[in-house]
Each structure stands twice: as structure tokens, then as C-alpha cells.
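*Asks:* Handing you a structure now.
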Amino acid sequence: DTDEIVETIIRLRPTFGAVNLEDISAPRCFEIERRVIEALDCPVFHDDQHGTAIVVLAALLGAVKALDRDIHSLKVVISGAGAAGIACANILLAKGIGDITVLDSQGIVHSGRNDLNPFKAELAGRSNPRGLTHGMAEALEGADVFMGVSAGLVPEELIATMAPDCIVFAMSNPDPEIHP
């Protein structure tokens, strides 16, 4: 229960210096995090969101350096619109990557869909600048980067449609979206 989690963390606050939220599913993780940050006077970190996003950005910075690519011109596809996927999209948008397409289990997250929770709907307004509306095949065609943080599988044939020297982060666990 969201209220019970928040209240318990507030009651325990005097016993710790920071809060690390772990394994709280989206979308309730966003509300819990927001409410805990508002209520407490200490750092609040949600590993599924922030931990994944920080590692993704660091790995992408290394990849573009190794490939001598401009990070701002990349076309990025993120498979998974839960806590990790939304946080990865947010950190990459903040870094200045403008072409990010996010997919959930129903396809591309775009502003024309009426089945999005408020967090996905807000992200839809800031991502997908090419206005894509279908699925993985459309999103990956010509993409520079694929980031997988979902339980879905990606066929090799779709990866083959990506841009030359593409970057693939298949991070779903325990089974990645595509094996090396």
C-alpha cells in the first residue's frame, strides 16, 4: 500500500541518513518517491530508476567516445516504460538527446494513445519527435541506440535494421532482450 510505505519511511526517518527505495514497481514508485522527498530532509534514491539511469548514461558516454559519435545526434530507442525506462529517458533528455522513442508492452509511447498512465503520458509529450506510432520494427529502423529494460524479446532481424555501428544495451534481467 502506497500510503503505508510512505508513512513507514517517515516514521523510520530518525534512524537513517538517506533512503534507498528498491523494487517498487511503476507507476506507484513515482508517487512514493515524490511523497518521501517532500516529507523528508534527507537524500532519497530509487535504485530501479536512478541507479539504472546513471549507469546507462555513463555507458552511453563511453560508447559514443569509443565510436567518436555526437551524443546529441543519436536516435535512441528504449524498450520498457516502467521505472527504469522512464528514468533512462529522463536522464538522456536532460543530457540533450532529443530523439528518444520509448516502447511499452502496447507499442510506442506517443501522445495519441489513450491508455497511458500519467507518467507515460507526460513522457510522450517530451519524446518521440518523429511522431512514430507503431511498434519495435518502426522504432528500431535506423536507430543508433537500443536500450532494453523490459521483459520483451527483440529479434536479430530488427537489430539488423539499426544504423551502422549501433549501440545495444540489452539490460533486462535475468534474461536480456537479445543475447550477444
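Ordering of the C-alpha cells sets the chain letters (A, B, ...); residue numbers start at 1 within each chain; ligands are numbered from 1 in the order shown.
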Could you pull out the strand (DSSP E) residues of chain A, going by DSSP on the backbone, and write them as a list in words?
*Replies:* Val19, Asn20, Leu21, Val44, Phe45, His46, Lys75, Val76, Val77, Ile78, Ser79, Asp99, Ile100, Thr101, Val102, Leu103, Asp104, Gly107, Ile108, Val145, Phe146, Met147, Gly148, Ile167, Val168, Phe169 and Ala170 of chain A
*Asks:* For range 9-17 of chain A, find every residue with an atom within 12 Å (counting only C-alpha atoms), except residues of its own chain fewer than 6 positions away, and show them as a list in words.
*Replies:*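 Once the adjacent positions are removed, what remains is Thr2, Asp3, Ile32, Glu33, Arg35, Val36, Ile37, Glu38, Ala39, Leu40, Asp41, Cys42, Pro43, Val44 and Phe45 of chain A.
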*Asks:* Mind dumping the selected residues with N, CA and C atoms as a CSV table (one decimal), in the first residue's frame?
*Replies:*
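Here's the written file again-v5.csv:
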chain,number,residue,atom,x,y,z
A,2,THR,N,0.7,2.1,-1.0
A,2,THR,CA,1.5,3.3,-1.1
A,2,THR,C,1.5,4.2,0.1
A,3,ASP,N,0.3,4.5,0.7
A,3,ASP,CA,0.3,5.3,1.9
A,3,ASP,C,1.1,4.7,3.1
A,32,ILE,N,5.5,7.3,-4.6
A,32,ILE,CA,6.1,7.1,-3.4
A,32,ILE,C,7.4,7.9,-3.3
A,33,GLU,N,8.2,8.0,-4.3
A,33,GLU,CA,9.4,8.8,-4.3
A,33,GLU,C,9.1,10.2,-4.1
A,35,ARG,N,6.5,11.7,-2.7
A,35,ARG,CA,6.0,12.0,-1.4
A,35,ARG,C,7.0,11.8,-0.3
A,36,VAL,N,7.9,10.9,-0.5
A,36,VAL,CA,9.0,10.7,0.5
A,36,VAL,C,10.0,11.9,0.4
A,37,ILE,N,10.3,12.3,-0.8
A,37,ILE,CA,11.2,13.5,-0.9
A,37,ILE,C,10.6,14.7,-0.3
A,38,GLU,N,9.3,14.9,-0.5
A,38,GLU,CA,8.6,16.1,0.1
A,38,GLU,C,8.5,16.0,1.6
A,39,ALA,N,8.4,14.8,2.1
A,39,ALA,CA,8.3,14.7,3.6
A,39,ALA,C,9.6,14.7,4.4
A,40,LEU,N,10.7,14.3,3.7
A,40,LEU,CA,11.9,14.1,4.5
A,40,LEU,C,13.0,15.1,4.1
A,41,ASP,N,13.9,15.2,5.0
A,41,ASP,CA,15.0,16.2,4.9
A,41,ASP,C,16.3,15.5,4.6
A,42,CYS,N,16.3,14.4,3.9
A,42,CYS,CA,17.5,13.6,3.6
A,42,CYS,C,17.4,13.1,2.1
A,43,PRO,N,18.5,12.7,1.6
A,43,PRO,CA,18.5,12.2,0.2
A,43,PRO,C,17.6,10.9,0.0
A,44,VAL,N,16.9,10.9,-1.1
A,44,VAL,CA,16.1,9.8,-1.5
A,44,VAL,C,16.5,9.3,-2.8
A,45,PHE,N,16.8,8.0,-2.9
A,45,PHE,CA,17.3,7.4,-4.2
A,45,PHE,C,16.5,6.2,-4.5
*Asks:* Which residue, A:Thr101, A:Ile167, A:Pro174, A:Val76, has the smallest gap to Gly62 in chain A when you use only C-alpha atoms?
*Replies:* A:Ile167
*Asks:* Have a look at A:Ile24, A:Ala53, A:Met162, A:Val149 and name the one nearest to Asp1 in chain A; count only C-alpha atoms.
*Replies:*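 For Asp1 in chain A, the nearest of the given residues is A:Ile24.
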*Asks:* Under the rule that only C-alpha atoms are counted, which of A:Ile71, A:Ile91, A:Pro118, A:Asp48 is the nearest residue to Pro27 in chain A?
*Replies:*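 Counting only C-alpha atoms, the residue closest to Pro27 in chain A is A:Pro118.
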*Asks:* Using only C-alpha atoms, which residue out of A:Asn90, A:Ser150, A:Thr133, A:Ser73 lies closest to Ser111 in chain A?
*Replies:*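 The shortest atom-to-atom distance to Ser111 in chain A comes from A:Thr133.
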*Asks:* Using only C-alpha atoms, find each residue in range 102-170 of chain A having at least one atom no more than 10 Å away from range 55-61 of chain A; report its shortest atom-to-atom pair and that distance in Å (one decimal), rows by chain then rising number, as a tab-separated table.
*Replies:*
residue	atom	partner	partner_atom	distance
A:Val145	CA	A:Leu60	CA	8.8
A:Met147	CA	A:Val56	CA	8.4
A:Ile167	CA	A:Leu60	CA	8.3
A:Val168	CA	A:Leu60	CA	9.7
A:Phe169	CA	A:Val56	CA	8.2
*Asks:* From the set A:Asn20, A:Asn117, A:Thr161, A:Asn173, which residue has the shortest atom-to-atom contact distance to Gly142 in chain A, counting only C-alpha atoms?
*Replies:*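 Smallest distance to Gly142 in chain A is found for A:Thr161.
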*Asks:* Using only C-alpha atoms, determine which residues lie at most 12 Å from Asp175 in chain A, disregarding the query and same-chain residues fewer than 6 positions distant; provide the list as a PyMOL selection string.
*Replies:* chain A and resi 148-154
*Asks:* Can you tell me how far CA of Arg34 in chain A sits from CA of Asp47 in chain A, in Å to one decimal?
*Replies:* 14.3 Å
*Asks:* Check the DSSP output for the backbone and give back, as a ChimeraX atom specification, the residues of range 2-69 of chain A in helix (DSSP H, G or I).
*Replies:* /A:2-15,28-39,47-67
*Asks:* Quick one: residues within 12 Å of Gly80 in chain A, only C-alpha atoms, excluding same-chain residues fewer than 4 positions away - as a PyMOL selection string?
*Replies:* chain A and resi 26+49+84-89+101-109+120+136+146-153+170-172+177
*Asks:* Restricting the calculation to only C-alpha atoms: of A:Lys75, A:Ala83, A:Arg113, A:Leu123, which residue gets closest to Ile100 in chain A?
*Replies:* A:Lys75
